[in-house]
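> This is start_0.cif, which holds mmCIF, C-alpha atoms:
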```
data_start
loop_
_atom_site.group_PDB
_atom_site.id
_atom_site.type_symbol
_atom_site.label_atom_id
_atom_site.label_comp_id
_atom_site.auth_asym_id
_atom_site.auth_seq_id
_atom_site.Cartn_x
_atom_site.Cartn_y
_atom_site.Cartn_z
ATOM 1 C CA MET A 1 0.000 0.000 0.000
ATOM 2 C CA ALA A 2 1.361 3.411 -0.970
ATOM 3 C CA ILE A 3 0.453 6.922 0.128
ATOM 4 C CA LEU A 4 1.043 10.320 -1.480
ATOM 5 C CA VAL A 5 1.621 13.297 0.810
ATOM 6 C CA THR A 6 1.550 16.615 -0.998
ATOM 7 C CA GLY A 7 3.317 19.287 1.032
ATOM 8 C CA GLY A 8 5.208 16.513 2.799
ATOM 9 C CA CYS A 9 8.222 18.751 3.458
ATOM 10 C CA GLY A 10 6.151 21.319 5.333
ATOM 11 C CA TYR A 11 5.628 21.942 9.029
ATOM 12 C CA VAL A 12 2.970 19.243 9.487
ATOM 13 C CA GLY A 13 3.974 17.260 6.411
ATOM 14 C CA THR A 14 7.479 16.557 7.681
ATOM 15 C CA ARG A 15 6.159 15.121 10.929
ATOM 16 C CA LEU A 16 3.439 13.151 9.125
ATOM 17 C CA THR A 17 5.941 11.651 6.689
ATOM 18 C CA GLU A 18 8.237 10.671 9.554
ATOM 19 C CA ALA A 19 5.313 9.025 11.382
ATOM 20 C CA LEU A 20 4.149 7.106 8.308
ATOM 21 C CA LEU A 21 7.630 5.691 7.820
ATOM 22 C CA ALA A 22 8.104 4.855 11.499
ATOM 23 C CA ARG A 23 4.646 3.494 12.334
ATOM 24 C CA THR A 24 3.406 1.853 9.133
ATOM 25 C CA ASP A 25 4.820 -0.303 6.360
ATOM 26 C CA GLN A 26 3.546 1.991 3.615
ATOM 27 C CA ALA A 27 5.658 3.343 0.793
ATOM 28 C CA VAL A 28 5.495 7.138 1.035
ATOM 29 C CA THR A 29 5.811 9.564 -1.850
ATOM 30 C CA VAL A 30 6.150 13.257 -1.048
ATOM 31 C CA LEU A 31 5.418 15.991 -3.567
ATOM 32 C CA ASP A 32 6.618 19.410 -2.421
ATOM 33 C CA THR A 33 8.060 22.596 -3.868
ATOM 34 C CA THR A 34 10.573 22.658 -0.962
ATOM 35 C CA TRP A 35 10.190 26.456 -0.787
ATOM 36 C CA PHE A 36 11.153 26.238 2.879
ATOM 37 C CA GLY A 37 13.659 23.378 2.560
ATOM 38 C CA ASN A 38 13.578 19.610 2.897
ATOM 39 C CA TYR A 39 14.326 18.191 6.357
ATOM 40 C CA LEU A 40 13.300 14.609 5.644
ATOM 41 C CA GLN A 41 15.952 11.953 6.172
ATOM 42 C CA PRO A 42 16.514 9.378 3.411
ATOM 43 C CA HIS A 43 14.536 6.171 3.845
ATOM 44 C CA PRO A 44 14.158 3.105 1.608
ATOM 45 C CA ARG A 45 10.354 3.553 1.521
ATOM 46 C CA LEU A 46 10.470 7.313 0.874
ATOM 47 C CA THR A 47 10.424 9.047 -2.504
ATOM 48 C CA VAL A 48 10.536 12.843 -2.687
ATOM 49 C CA HIS A 49 9.494 14.667 -5.849
ATOM 50 C CA VAL A 50 10.396 18.356 -5.892
ATOM 51 C CA ALA A 51 7.489 19.754 -7.871
ATOM 52 C CA ASP A 52 4.633 22.235 -7.699
ATOM 53 C CA VAL A 53 1.198 20.756 -7.035
ATOM 54 C CA ARG A 54 -0.049 22.942 -9.894
ATOM 55 C CA ALA A 55 1.747 20.491 -12.210
ATOM 56 C CA ILE A 56 -0.220 17.508 -10.873
ATOM 57 C CA ASP A 57 -1.581 16.674 -14.332
ATOM 58 C CA ARG A 58 1.811 15.144 -15.102
ATOM 59 C CA CYS A 59 1.585 12.699 -12.196
ATOM 60 C CA GLU A 60 0.203 9.164 -12.281
ATOM 61 C CA LEU A 61 -1.751 8.388 -9.097
ATOM 62 C CA SER A 62 -2.904 4.816 -9.711
ATOM 63 C CA ALA A 63 -0.173 3.436 -7.426
ATOM 64 C CA PHE A 64 -1.573 5.237 -4.380
ATOM 65 C CA ASP A 65 -4.182 3.955 -1.978
ATOM 66 C CA THR A 66 -4.454 7.305 -0.159
ATOM 67 C CA VAL A 67 -3.665 10.957 -0.884
ATOM 68 C CA VAL A 68 -3.084 13.353 2.015
ATOM 69 C CA HIS A 69 -3.249 16.773 0.415
ATOM 70 C CA LEU A 70 -1.338 19.192 2.666
ATOM 71 C CA ALA A 71 0.191 21.357 -0.066
ATOM 72 C CA GLY A 72 -1.074 24.909 -0.227
ATOM 73 C CA ILE A 73 -0.351 28.536 0.502
ATOM 74 C CA ALA A 74 -1.031 28.703 4.216
ATOM 75 C CA ASN A 75 -2.440 31.435 6.471
ATOM 76 C CA ASP A 76 -4.136 34.745 5.717
ATOM 77 C CA PRO A 77 -1.071 37.018 5.305
ATOM 78 C CA ALA A 78 0.670 34.577 2.949
ATOM 79 C CA ALA A 79 -2.435 34.199 0.811
ATOM 80 C CA ASP A 80 -2.837 37.972 0.683
ATOM 81 C CA LEU A 81 0.607 38.354 -0.906
ATOM 82 C CA ASN A 82 -0.795 37.033 -4.179
ATOM 83 C CA PRO A 83 -4.513 36.207 -4.028
ATOM 84 C CA TYR A 84 -4.497 34.925 -7.611
ATOM 85 C CA ALA A 85 -1.759 32.384 -6.823
ATOM 86 C CA SER A 86 -3.578 31.377 -3.654
ATOM 87 C CA TRP A 87 -6.733 30.511 -5.576
ATOM 88 C CA GLU A 88 -4.658 28.758 -8.227
ATOM 89 C CA VAL A 89 -2.766 26.626 -5.688
ATOM 90 C CA ASN A 90 -5.410 26.086 -3.017
ATOM 91 C CA VAL A 91 -8.430 25.581 -5.257
ATOM 92 C CA LEU A 92 -7.567 24.926 -8.900
ATOM 93 C CA ALA A 93 -4.690 22.550 -8.136
ATOM 94 C CA THR A 94 -6.834 20.791 -5.523
ATOM 95 C CA MET A 95 -9.607 20.343 -8.071
ATOM 96 C CA ARG A 96 -7.187 18.801 -10.560
ATOM 97 C CA LEU A 97 -5.615 16.579 -7.905
ATOM 98 C CA VAL A 98 -8.851 15.166 -6.509
ATOM 99 C CA ASP A 99 -10.242 14.582 -9.999
ATOM 100 C CA ARG A 100 -7.085 12.757 -11.029
ATOM 101 C CA ALA A 101 -7.153 10.741 -7.809
ATOM 102 C CA ALA A 102 -10.749 9.650 -8.448
ATOM 103 C CA ARG A 103 -10.041 8.712 -12.055
ATOM 104 C CA ASP A 104 -6.894 6.761 -11.085
ATOM 105 C CA GLY A 105 -8.629 4.686 -8.412
ATOM 106 C CA VAL A 106 -7.312 6.294 -5.205
ATOM 107 C CA ARG A 107 -9.418 4.960 -2.314
ATOM 108 C CA GLN A 108 -9.186 7.870 0.146
ATOM 109 C CA PHE A 109 -8.506 11.605 -0.071
ATOM 110 C CA ILE A 110 -7.637 13.402 3.181
ATOM 111 C CA PHE A 111 -7.652 17.197 3.219
ATOM 112 C CA PRO A 112 -6.836 19.692 5.990
ATOM 113 C CA SER A 113 -9.130 22.672 5.690
ATOM 114 C CA SER A 114 -9.127 25.261 8.492
ATOM 115 C CA GLY A 115 -11.130 25.907 11.619
ATOM 116 C CA ALA A 116 -11.264 29.536 10.505
ATOM 117 C CA VAL A 117 -13.737 28.747 7.695
ATOM 118 C CA TYR A 118 -16.494 29.476 10.217
ATOM 119 C CA GLY A 119 -15.463 33.129 10.413
ATOM 120 C CA VAL A 120 -15.989 35.301 13.501
ATOM 121 C CA ARG A 121 -18.542 33.478 15.655
ATOM 122 C CA SER A 122 -20.203 34.131 18.994
ATOM 123 C CA GLU A 123 -21.640 30.629 19.434
ATOM 124 C CA PRO A 124 -20.158 28.787 22.421
ATOM 125 C CA ARG A 125 -20.054 25.579 20.357
ATOM 126 C CA VAL A 126 -18.900 25.947 16.767
ATOM 127 C CA THR A 127 -19.860 22.624 15.211
ATOM 128 C CA GLU A 128 -19.541 21.206 11.723
ATOM 129 C CA ASP A 129 -23.245 21.852 11.089
ATOM 130 C CA LEU A 130 -22.927 25.646 11.180
ATOM 131 C CA ASP A 131 -22.870 27.657 7.968
ATOM 132 C CA LEU A 132 -19.408 28.692 6.817
ATOM 133 C CA MET A 133 -18.684 32.424 6.791
ATOM 134 C CA PRO A 134 -14.995 32.821 5.917
ATOM 135 C CA ILE A 135 -13.747 36.400 6.025
ATOM 136 C CA SER A 136 -10.378 36.086 4.241
ATOM 137 C CA ASP A 137 -9.265 34.917 0.819
ATOM 138 C CA TYR A 138 -7.292 32.086 2.440
ATOM 139 C CA ASN A 139 -10.314 30.709 4.257
ATOM 140 C CA LYS A 140 -12.525 31.185 1.216
ATOM 141 C CA THR A 141 -10.104 29.006 -0.767
ATOM 142 C CA LYS A 142 -10.367 26.352 1.941
ATOM 143 C CA MET A 143 -14.170 26.435 1.840
ATOM 144 C CA VAL A 144 -14.299 26.082 -1.933
ATOM 145 C CA ALA A 145 -11.687 23.303 -1.919
ATOM 146 C CA GLU A 146 -13.752 21.418 0.660
ATOM 147 C CA ARG A 147 -16.816 21.531 -1.567
ATOM 148 C CA VAL A 148 -14.891 20.370 -4.595
ATOM 149 C CA ILE A 149 -13.438 17.406 -2.673
ATOM 150 C CA LEU A 150 -16.791 16.419 -1.168
ATOM 151 C CA SER A 151 -18.294 16.259 -4.658
ATOM 152 C CA TYR A 152 -16.177 13.119 -5.183
ATOM 153 C CA SER A 153 -17.513 11.327 -2.092
ATOM 154 C CA ASP A 154 -19.392 8.832 -4.261
ATOM 155 C CA ARG A 155 -16.124 7.714 -5.876
ATOM 156 C CA MET A 156 -13.758 7.463 -2.890
ATOM 157 C CA VAL A 157 -13.608 8.153 0.838
ATOM 158 C CA THR A 158 -13.247 11.895 1.357
ATOM 159 C CA THR A 159 -12.018 13.129 4.732
ATOM 160 C CA ILE A 160 -12.108 16.834 5.584
ATOM 161 C CA VAL A 161 -10.332 17.909 8.767
ATOM 162 C CA ARG A 162 -10.823 21.451 10.065
ATOM 163 C CA PRO A 163 -7.815 21.831 12.362
ATOM 164 C CA ALA A 164 -7.305 24.443 15.020
ATOM 165 C CA THR A 165 -4.052 26.403 15.084
ATOM 166 C CA VAL A 166 -1.271 23.839 15.297
ATOM 167 C CA CYS A 167 1.524 24.048 17.854
ATOM 168 C CA GLY A 168 4.649 22.102 18.687
ATOM 169 C CA TYR A 169 8.062 21.196 17.321
ATOM 170 C CA SER A 170 8.886 20.071 13.784
ATOM 171 C CA PRO A 171 12.247 19.886 11.977
ATOM 172 C CA ARG A 172 10.639 22.294 9.489
ATOM 173 C CA MET A 173 9.329 24.852 11.965
ATOM 174 C CA ARG A 174 6.752 27.584 11.696
ATOM 175 C CA LEU A 175 7.206 30.529 14.015
ATOM 176 C CA ASP A 176 4.168 32.433 12.735
ATOM 177 C CA LEU A 177 1.715 30.273 14.726
ATOM 178 C CA THR A 178 0.519 31.637 18.063
ATOM 179 C CA VAL A 179 1.974 29.154 20.551
ATOM 180 C CA ASN A 180 5.220 28.717 18.618
ATOM 181 C CA LEU A 181 5.636 32.477 18.106
ATOM 182 C CA LEU A 182 5.039 33.412 21.739
ATOM 183 C CA THR A 183 7.293 30.641 23.008
ATOM 184 C CA MET A 184 10.143 31.756 20.755
ATOM 185 C CA GLN A 185 9.691 35.367 21.854
ATOM 186 C CA ALA A 186 9.887 34.290 25.487
ATOM 187 C CA LEU A 187 12.982 32.177 24.856
ATOM 188 C CA THR A 188 14.896 34.761 22.831
ATOM 189 C CA LYS A 189 13.681 38.104 24.192
ATOM 190 C CA GLY A 190 12.383 37.417 27.671
ATOM 191 C CA ALA A 191 9.145 39.160 26.667
ATOM 192 C CA MET A 192 6.055 38.355 24.613
ATOM 193 C CA THR A 193 3.916 40.825 22.674
ATOM 194 C CA VAL A 194 0.216 40.017 22.744
ATOM 195 C CA PHE A 195 -2.076 41.974 20.414
ATOM 196 C CA GLY A 196 -5.451 42.264 22.076
ATOM 197 C CA GLY A 197 -5.361 39.078 24.056
ATOM 198 C CA ARG A 198 -9.050 38.411 24.603
ATOM 199 C CA GLN A 199 -9.508 36.683 21.237
ATOM 200 C CA VAL A 200 -10.184 32.975 21.662
ATOM 201 C CA ARG A 201 -8.093 30.609 19.584
ATOM 202 C CA PRO A 202 -8.613 26.858 19.309
ATOM 203 C CA ASN A 203 -5.400 24.819 19.417
ATOM 204 C CA ILE A 204 -4.118 21.351 18.567
ATOM 205 C CA HIS A 205 -0.725 19.794 19.263
ATOM 206 C CA ILE A 206 1.074 18.743 16.081
ATOM 207 C CA ASP A 207 1.453 15.160 17.326
ATOM 208 C CA ASP A 208 -2.306 14.883 17.884
ATOM 209 C CA LEU A 209 -2.926 16.111 14.340
ATOM 210 C CA ILE A 210 -0.489 13.516 12.984
ATOM 211 C CA ASP A 211 -2.242 10.822 15.035
ATOM 212 C CA LEU A 212 -5.551 11.988 13.589
ATOM 213 C CA TYR A 213 -4.389 11.612 9.991
ATOM 214 C CA LEU A 214 -3.151 8.076 10.690
ATOM 215 C CA PHE A 215 -6.405 7.306 12.539
ATOM 216 C CA ALA A 216 -8.486 8.643 9.632
ATOM 217 C CA GLN A 217 -6.617 6.537 7.095
ATOM 218 C CA ALA A 218 -6.680 3.340 9.142
ATOM 219 C CA ARG A 219 -10.447 3.620 9.705
ATOM 220 C CA ARG A 220 -11.388 5.091 6.328
ATOM 221 C CA LEU A 221 -12.975 7.954 8.222
ATOM 222 C CA ALA A 222 -15.357 9.837 5.932
ATOM 223 C CA GLY A 223 -16.910 13.270 6.408
ATOM 224 C CA ILE A 224 -16.028 16.592 8.008
ATOM 225 C CA TYR A 225 -14.424 16.871 11.436
ATOM 226 C CA ASN A 226 -13.306 19.770 13.593
ATOM 227 C CA ALA A 227 -9.960 19.060 15.266
ATOM 228 C CA ALA A 228 -9.452 21.342 18.260
ATOM 229 C CA PHE A 229 -9.028 20.446 21.893
ATOM 230 C CA GLU A 230 -8.129 23.645 23.758
ATOM 231 C CA ASN A 231 -10.019 26.879 23.199
ATOM 232 C CA LEU A 232 -7.857 29.506 24.892
ATOM 233 C CA THR A 233 -7.549 33.280 24.781
ATOM 234 C CA VAL A 234 -4.292 34.561 23.347
ATOM 235 C CA PHE A 235 -3.453 36.013 26.766
ATOM 236 C CA ASP A 236 -4.048 32.607 28.380
ATOM 237 C CA ILE A 237 -1.647 31.067 25.863
ATOM 238 C CA ALA A 238 0.984 33.668 26.770
ATOM 239 C CA GLN A 239 0.473 32.854 30.445
ATOM 240 C CA LEU A 240 0.991 29.140 29.759
ATOM 241 C CA VAL A 241 4.252 30.037 28.048
ATOM 242 C CA ALA A 242 5.335 32.267 30.938
ATOM 243 C CA ASP A 243 4.665 29.431 33.384
ATOM 244 C CA GLN A 244 7.516 27.470 31.777
ATOM 245 C CA VAL A 245 9.663 30.186 30.214
ATOM 246 C CA PRO A 246 9.676 33.196 32.550
ATOM 247 C CA ALA A 247 8.961 36.236 30.421
ATOM 248 C CA ARG A 248 7.098 39.527 30.518
ATOM 249 C CA ILE A 249 3.747 39.779 28.716
ATOM 250 C CA ASP A 250 3.301 43.095 26.907
ATOM 251 C CA THR A 251 -0.190 43.784 25.545
ATOM 252 C CA GLN A 252 -0.889 46.008 22.546
ATOM 253 C CA PRO A 253 -4.159 47.076 20.854
ATOM 254 C CA SER A 254 -5.384 44.815 18.059
ATOM 255 C CA ASN A 255 -7.707 45.222 15.081
ATOM 256 C CA ASP A 256 -7.950 41.442 14.602
ATOM 257 C CA PRO A 257 -11.592 40.483 15.260
ATOM 258 C CA ARG A 258 -11.165 36.723 14.856
ATOM 259 C CA SER A 259 -12.405 34.853 17.879
ATOM 260 C CA TYR A 260 -14.004 31.430 17.810
ATOM 261 C CA ARG A 261 -14.338 28.185 19.762
ATOM 262 C CA LEU A 262 -14.313 24.908 17.888
ATOM 263 C CA CYS A 263 -16.310 21.943 19.158
ATOM 264 C CA SER A 264 -14.791 18.547 18.324
ATOM 265 C CA ASP A 265 -17.513 16.294 19.728
ATOM 266 C CA ARG A 266 -18.099 14.679 16.327
ATOM 267 C CA LEU A 267 -14.458 13.621 16.180
ATOM 268 C CA ALA A 268 -14.512 12.390 19.785
ATOM 269 C CA ALA A 269 -17.511 10.199 18.903
ATOM 270 C CA THR A 270 -15.292 8.249 16.483
ATOM 271 C CA GLY A 271 -13.056 7.211 19.374
ATOM 272 C CA PHE A 272 -10.242 9.644 18.647
ATOM 273 C CA MET A 273 -8.920 11.495 21.683
ATOM 274 C CA PRO A 274 -5.926 13.833 22.044
ATOM 275 C CA LYS A 275 -2.909 12.845 24.118
ATOM 276 C CA ARG A 276 -1.166 16.218 24.301
ATOM 277 C CA ASN A 277 -1.868 19.888 25.000
ATOM 278 C CA VAL A 278 -0.530 23.415 24.586
ATOM 279 C CA SER A 279 1.496 23.271 27.782
ATOM 280 C CA MET A 280 3.295 20.165 26.536
ATOM 281 C CA ALA A 281 4.021 21.884 23.216
ATOM 282 C CA VAL A 282 5.600 24.829 25.052
ATOM 283 C CA GLY A 283 7.815 22.504 27.076
ATOM 284 C CA GLU A 284 8.887 20.592 23.976
ATOM 285 C CA LEU A 285 9.706 23.797 22.098
ATOM 286 C CA ALA A 286 11.738 25.086 25.034
ATOM 287 C CA ALA A 287 13.655 21.798 25.243
ATOM 288 C CA ALA A 288 14.354 21.865 21.494
ATOM 289 C CA TYR A 289 15.633 25.436 21.771
ATOM 290 C CA ARG A 290 17.917 24.615 24.663
ATOM 291 C CA ASP A 291 19.454 21.566 22.999
ATOM 292 C CA GLY A 292 20.004 23.394 19.713
ATOM 293 C CA ARG A 293 17.356 21.719 17.537
ATOM 294 C CA LEU A 294 15.214 24.861 17.400
ATOM 295 C CA THR A 295 16.625 28.148 16.163
ATOM 296 C CA ASP A 296 14.964 31.306 14.878
ATOM 297 C CA GLN A 297 15.613 30.951 11.148
ATOM 298 C CA PRO A 298 14.258 33.293 8.442
ATOM 299 C CA ALA A 299 12.561 30.374 6.644
ATOM 300 C CA TRP A 300 10.382 29.703 9.681
ATOM 301 C CA HIS A 301 8.520 32.989 9.085
ATOM 302 C CA THR A 302 6.251 32.263 6.115
ATOM 303 C CA VAL A 303 5.346 35.730 4.839
ATOM 304 C CA SER A 304 8.756 37.386 5.100
ATOM 305 C CA TRP A 305 10.411 34.339 3.487
ATOM 306 C CA MET A 306 7.931 34.315 0.610
ATOM 307 C CA LYS A 307 8.408 38.056 0.069
ATOM 308 C CA GLU A 308 12.191 37.775 0.090
ATOM 309 C CA HIS A 309 12.232 34.918 -2.408
ATOM 310 C CA ASN A 310 9.261 36.050 -4.532
ATOM 311 C CA LEU A 311 7.372 32.815 -3.939
ATOM 312 C CA GLY A 312 3.769 32.193 -4.843
#
```
Kindly present the structure from the file in structure tokens form.


Amino acid sequence: MAILVTGGCGYVGTRLTEALLARTDQAVTVLDTTWFGNYLQPHPRLTVHVADVRAIDRCELSAFDTVVHLAGIANDPAADLNPYASWEVNVLATMRLVDRAARDGVRQFIFPSSGAVYGVRSEPRVTEDLDLMPISDYNKTKMVAERVILSYSDRMVTTIVRPATVCGYSPRMRLDLTVNLLTMQALTKGAMTVFGGRQVRPNIHIDDLIDLYLFAQARRLAGIYNAAFENLTVFDIAQLVADQVPARIDTQPSNDPRSYRLCSDRLAATGFMPKRNVSMAVGELAAAYRDGRLTDQPAWHTVSWMKEHNLG
């Protein structure tokens, strides 16, 4: 059995690829532009193709049982750099990929959308049954991609995951995610800057997200699932960081209205439960920093890196 992971050199993709190789006997093929580098170690069951997902028409997918489609231009500021490219990568390429997968006999298509597709919500329980009201181009691309993928549900198992903001260590880091950003500020500056602070953000540890993808494949989990297990204010996140990495918390005004709580009861009903939390992610990041595995590299900041290298 073989699996294709698009974006397999990314923040989540690197950890997922490592887990697939360590915990299954599957042959793993990664397709990635490697805009931010390739930190995967060679392995006899690993093949890495350096390519843009927009060129997917050239790829033969009949050898793959499952496609995990992680490739995309991630987060609102990165998508705003070139909205046209964001729609081309996140929607058009996804449409071509899922259509090719269906025609070539792929049995399951797993796609990470975003918990932010719900928009700014006041409901105490944001469930999968609520209407989607995305407020940014990035989240609009995720919504449209979801609908395209679900239109193939009669031809293969389609799995849509709406993750919370991910946190935790990866060899290919991202330091533009709330927990990771605040932890690095505390480690390197002894102070964290919190904009607003009262906004609620749902969170998921990267290892729990990896476990979820493996769980979804093993059980052929179909449908749409929120994946969030700690709904915390940004200030609460900063306080969790300060509990382990003593640092000052400086608050500044914010014009970011996004605040939402994801409910993951539907996922819990499948038997999946998280094993980690934000506090554990902070401790792991601090340990990685202290032993030299984690450094503040330019490539870990998505928008500035894309601007510098004219990516998109």

> My list of candidates is A:Thr127, A:Asn38, A:Thr94, A:Gln297. Which is closest to Phe109 (chain A) when distances are computed with all atoms listed in the file?

A:Thr94

> Evaluating the PyMOL selection byres ((chain A and resi 184) around 9) on the displayed file yields which residues, as JSON, numbers by chain?

{"A": [175, 179, 180, 181, 182, 183, 185, 186, 187, 188, 189, 192, 285, 286, 289, 295, 296]}

> Find the residues near region 262-267 of chain A: any atom within 6 Å, counting all atoms listed in the file, skip ones fewer than 2 places away on the same chain, and give them as a ChimeraX atom specification.

/A:125-127,225-227,269-270

> Could you check which of A:Phe64, A:Phe235, A:Phe272, A:Tyr213 is closest to Arg107 (chain A), using all atoms listed in the file?

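Closest to Arg107 (chain A) of all the choices is A:Phe64.
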
> Name the residues in contact with Ala101 (chain A) at a cut-off of 12 Å, using only C-alpha atoms, excluding same-chain residues fewer than 4 positions from it; report them as a count of residues only.

32

> Quick one: distance from CA of Arg276 (chain A) to CA of Pro42 (chain A) in Å, one decimal?

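For CA of Arg276 (chain A) relative to CA of Pro42 (chain A), the distance reads 28.2 Å.
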
> For Leu81 (chain A), which residue among A:Asn277, A:Met133, A:Tyr138, A:Arg58 is the nearest when counting all atoms listed in the file?

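Closest candidate: A:Tyr138.
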
> Could you name the residues that touch region 21-23 of chain A at 9 Å or less, counting all atoms listed in the file, but leaving out those on the same chain fewer than 3 positions away, as JSON, numbers by chain?

{"A": [16, 17, 18, 26, 27, 28, 43, 45, 46]}

> Which one is closest to Gly312 (chain A): A:Ala288, A:Ala19, A:Met280, A:Ala78? Count only C-alpha atoms.

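Checking each candidate against Gly312 (chain A), we get A:Ala78 as the closest.
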
> Using only C-alpha atoms for the distances, tell me which of A:Ser86, A:Thr159, A:Thr6, A:Thr302 is nearest to Phe215 (chain A).

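Looking only at the distances to Phe215 (chain A), the closest residue turns out to be A:Thr159.
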
> Once the PyMOL selection byres ((chain A and resi 174) around 10) is applied to the coordinates I shared, what remains selected? I want it as a VMD selection string.

chain A and resid 10 to 12 36 166 to 173 175 to 178 180 to 181 296 to 302

> In Å, how far is it from CA of Met143 (chain A) to CA of Pro202 (chain A)?

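CA of Pro202 (chain A) lies at a distance of 18.3 Å from CA of Met143 (chain A).
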
> Could you spell out the hits of the PyMOL selection byres ((chain A and resi 88) around 12) on the shown file, as a ChimeraX atom specification?

/A:52-55,72-73,79,82-87,89-96,137-138,141-142,144-145,312

> Those residues with C-alpha atoms, as an mmCIF file, in the frame of the given file please?


```
data_model
loop_
_atom_site.group_PDB
_atom_site.id
_atom_site.type_symbol
_atom_site.label_atom_id
_atom_site.label_comp_id
_atom_site.auth_asym_id
_atom_site.auth_seq_id
_atom_site.Cartn_x
_atom_site.Cartn_y
_atom_site.Cartn_z
ATOM 1 C CA ASP A 52 4.633 22.235 -7.699
ATOM 2 C CA VAL A 53 1.198 20.756 -7.035
ATOM 3 C CA ARG A 54 -0.049 22.942 -9.894
ATOM 4 C CA ALA A 55 1.747 20.491 -12.210
ATOM 5 C CA GLY A 72 -1.074 24.909 -0.227
ATOM 6 C CA ILE A 73 -0.351 28.536 0.502
ATOM 7 C CA ALA A 79 -2.435 34.199 0.811
ATOM 8 C CA ASN A 82 -0.795 37.033 -4.179
ATOM 9 C CA PRO A 83 -4.513 36.207 -4.028
ATOM 10 C CA TYR A 84 -4.497 34.925 -7.611
ATOM 11 C CA ALA A 85 -1.759 32.384 -6.823
ATOM 12 C CA SER A 86 -3.578 31.377 -3.654
ATOM 13 C CA TRP A 87 -6.733 30.511 -5.576
ATOM 14 C CA VAL A 89 -2.766 26.626 -5.688
ATOM 15 C CA ASN A 90 -5.410 26.086 -3.017
ATOM 16 C CA VAL A 91 -8.430 25.581 -5.257
ATOM 17 C CA LEU A 92 -7.567 24.926 -8.900
ATOM 18 C CA ALA A 93 -4.690 22.550 -8.136
ATOM 19 C CA THR A 94 -6.834 20.791 -5.523
ATOM 20 C CA MET A 95 -9.607 20.343 -8.071
ATOM 21 C CA ARG A 96 -7.187 18.801 -10.560
ATOM 22 C CA ASP A 137 -9.265 34.917 0.819
ATOM 23 C CA TYR A 138 -7.292 32.086 2.440
ATOM 24 C CA THR A 141 -10.104 29.006 -0.767
ATOM 25 C CA LYS A 142 -10.367 26.352 1.941
ATOM 26 C CA VAL A 144 -14.299 26.082 -1.933
ATOM 27 C CA ALA A 145 -11.687 23.303 -1.919
ATOM 28 C CA GLY A 312 3.769 32.193 -4.843
#
```

> Restricting the calculation to only C-alpha atoms: of A:Val48, A:Val30, A:Leu132, A:Leu209, which residue gets closest to Gly119 (chain A)?

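Of the candidates, the smallest distance to Gly119 (chain A) is held by A:Leu132.
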
> Using CA of Leu31 (chain A) and CA of Trp305 (chain A) as the two end points, give the distance in Å to one decimal.

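So the answer is 20.3 Å.
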
> Residues within 7 Å of Val200 (chain A), please, as a PyMOL selection string. Count all atoms listed in the file; anything in the same chain fewer than 2 positions from it doesn't count.

chain A and resi 198+202+231-234+259-261
